[in-house]
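Chemist: Here you go, one structure.
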Amino acid sequence: MNDLSESTLELGGVAYTAYCNAVGGKARNGDKLPNWDAMCEDPAKQKLVEAWAMAADAVIEDFLNI
């Protein structure tokens with residue numbers, strides 16, 4: 001994974017979990033979404049993990065600059 005800090009990954013997990021809750025835990029096609037830990041452990045999902053972590057980090061950075 002990129003050089004993401006543990007706290008950035010935690011923020012990504014918070015954001016992803018909130019997203020999962022908001023959409024009822026289902027993808028658009030009806031498949032069950034994996035939990036954050038499963039996402040982090042799946043080598044095929046590392047780009048998604050990085051994207052969620054970086055997006056959450058960007059929100060925090062923007063918030064702190066208000």
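All residue names refer to the structure tokens as shown: chains lettered A, B, ... in order, residues numbered from 1 in each chain, ligands numbered from 1 in order.
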Do a neighbour search on Ser5 of chain A at 12 Å with only C-alpha atoms, toss out local chain neighbours closer than 3 positions, and write the hits as a ChimeraX atom specification.

Modeler: /A:1-2,8-12,50,53-54,57

Chemist: Just list the residues in chain A DSSP gives alpha helix (DSSP H) on the backbone, as a PyMOL selection string.

Modeler: chain A and resi 6-22+36-41+46-64

Chemist: Pick the closest to Asp37 of chain A from A:Val59, A:Val14, A:Val23, A:Leu4: which is it, counting only C-alpha atoms?

Modeler: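 That would be A:Val14, the residue with the smallest distance to Asp37 of chain A.
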
Chemist: Considering only C-alpha atoms, return as a short mmCIF file (atom, residue, chain, number, x, y, z; two decimals) with all heavy atoms, in the first residue's frame whatever protein or nucleic-acid residues lie within 8 Å of Cys40 of chain A, sequence-local ones (same chain, fewer than 5 positions apart) excluded.

Modeler:
data_model
loop_
_atom_site.label_atom_id
_atom_site.label_comp_id
_atom_site.auth_asym_id
_atom_site.auth_seq_id
_atom_site.Cartn_x
_atom_site.Cartn_y
_atom_site.Cartn_z
N LYS A 45 -8.24 -5.25 -3.57
CA LYS A 45 -9.00 -4.06 -3.18
C LYS A 45 -8.11 -2.93 -2.63
O LYS A 45 -8.61 -1.95 -2.10
CB LYS A 45 -10.07 -4.43 -2.16
CG LYS A 45 -11.08 -5.44 -2.71
CD LYS A 45 -12.39 -5.30 -2.06
CE LYS A 45 -13.45 -6.26 -2.50
NZ LYS A 45 -13.47 -6.72 -3.84
N GLN A 46 -6.81 -3.05 -2.80
CA GLN A 46 -5.90 -2.06 -2.21
C GLN A 46 -6.07 -0.67 -2.81
O GLN A 46 -5.94 0.33 -2.10
CB GLN A 46 -4.46 -2.52 -2.31
CG GLN A 46 -4.17 -3.75 -1.45
CD GLN A 46 -4.71 -3.60 -0.05
OE1 GLN A 46 -4.25 -2.75 0.72
NE2 GLN A 46 -5.71 -4.39 0.32
N VAL A 49 -8.99 0.81 -0.98
CA VAL A 49 -8.59 1.17 0.38
C VAL A 49 -7.84 2.50 0.36
O VAL A 49 -8.13 3.41 1.14
CB VAL A 49 -7.74 0.05 1.02
CG1 VAL A 49 -7.10 0.52 2.32
CG2 VAL A 49 -8.59 -1.20 1.26
#

Chemist: Might you pull out every residue within 8 Å of segment 28-36 of chain A, with only C-alpha atoms counted and same-chain residues fewer than 6 positions away left off, and present them as number ranges by chain?

Modeler: A: 13, 16-17, 20

Chemist: How far is it from atom CA of Tyr19 of chain A to atom CA of Ala56 of chain A, in Å with one decimal?

Modeler: 11.5 Å
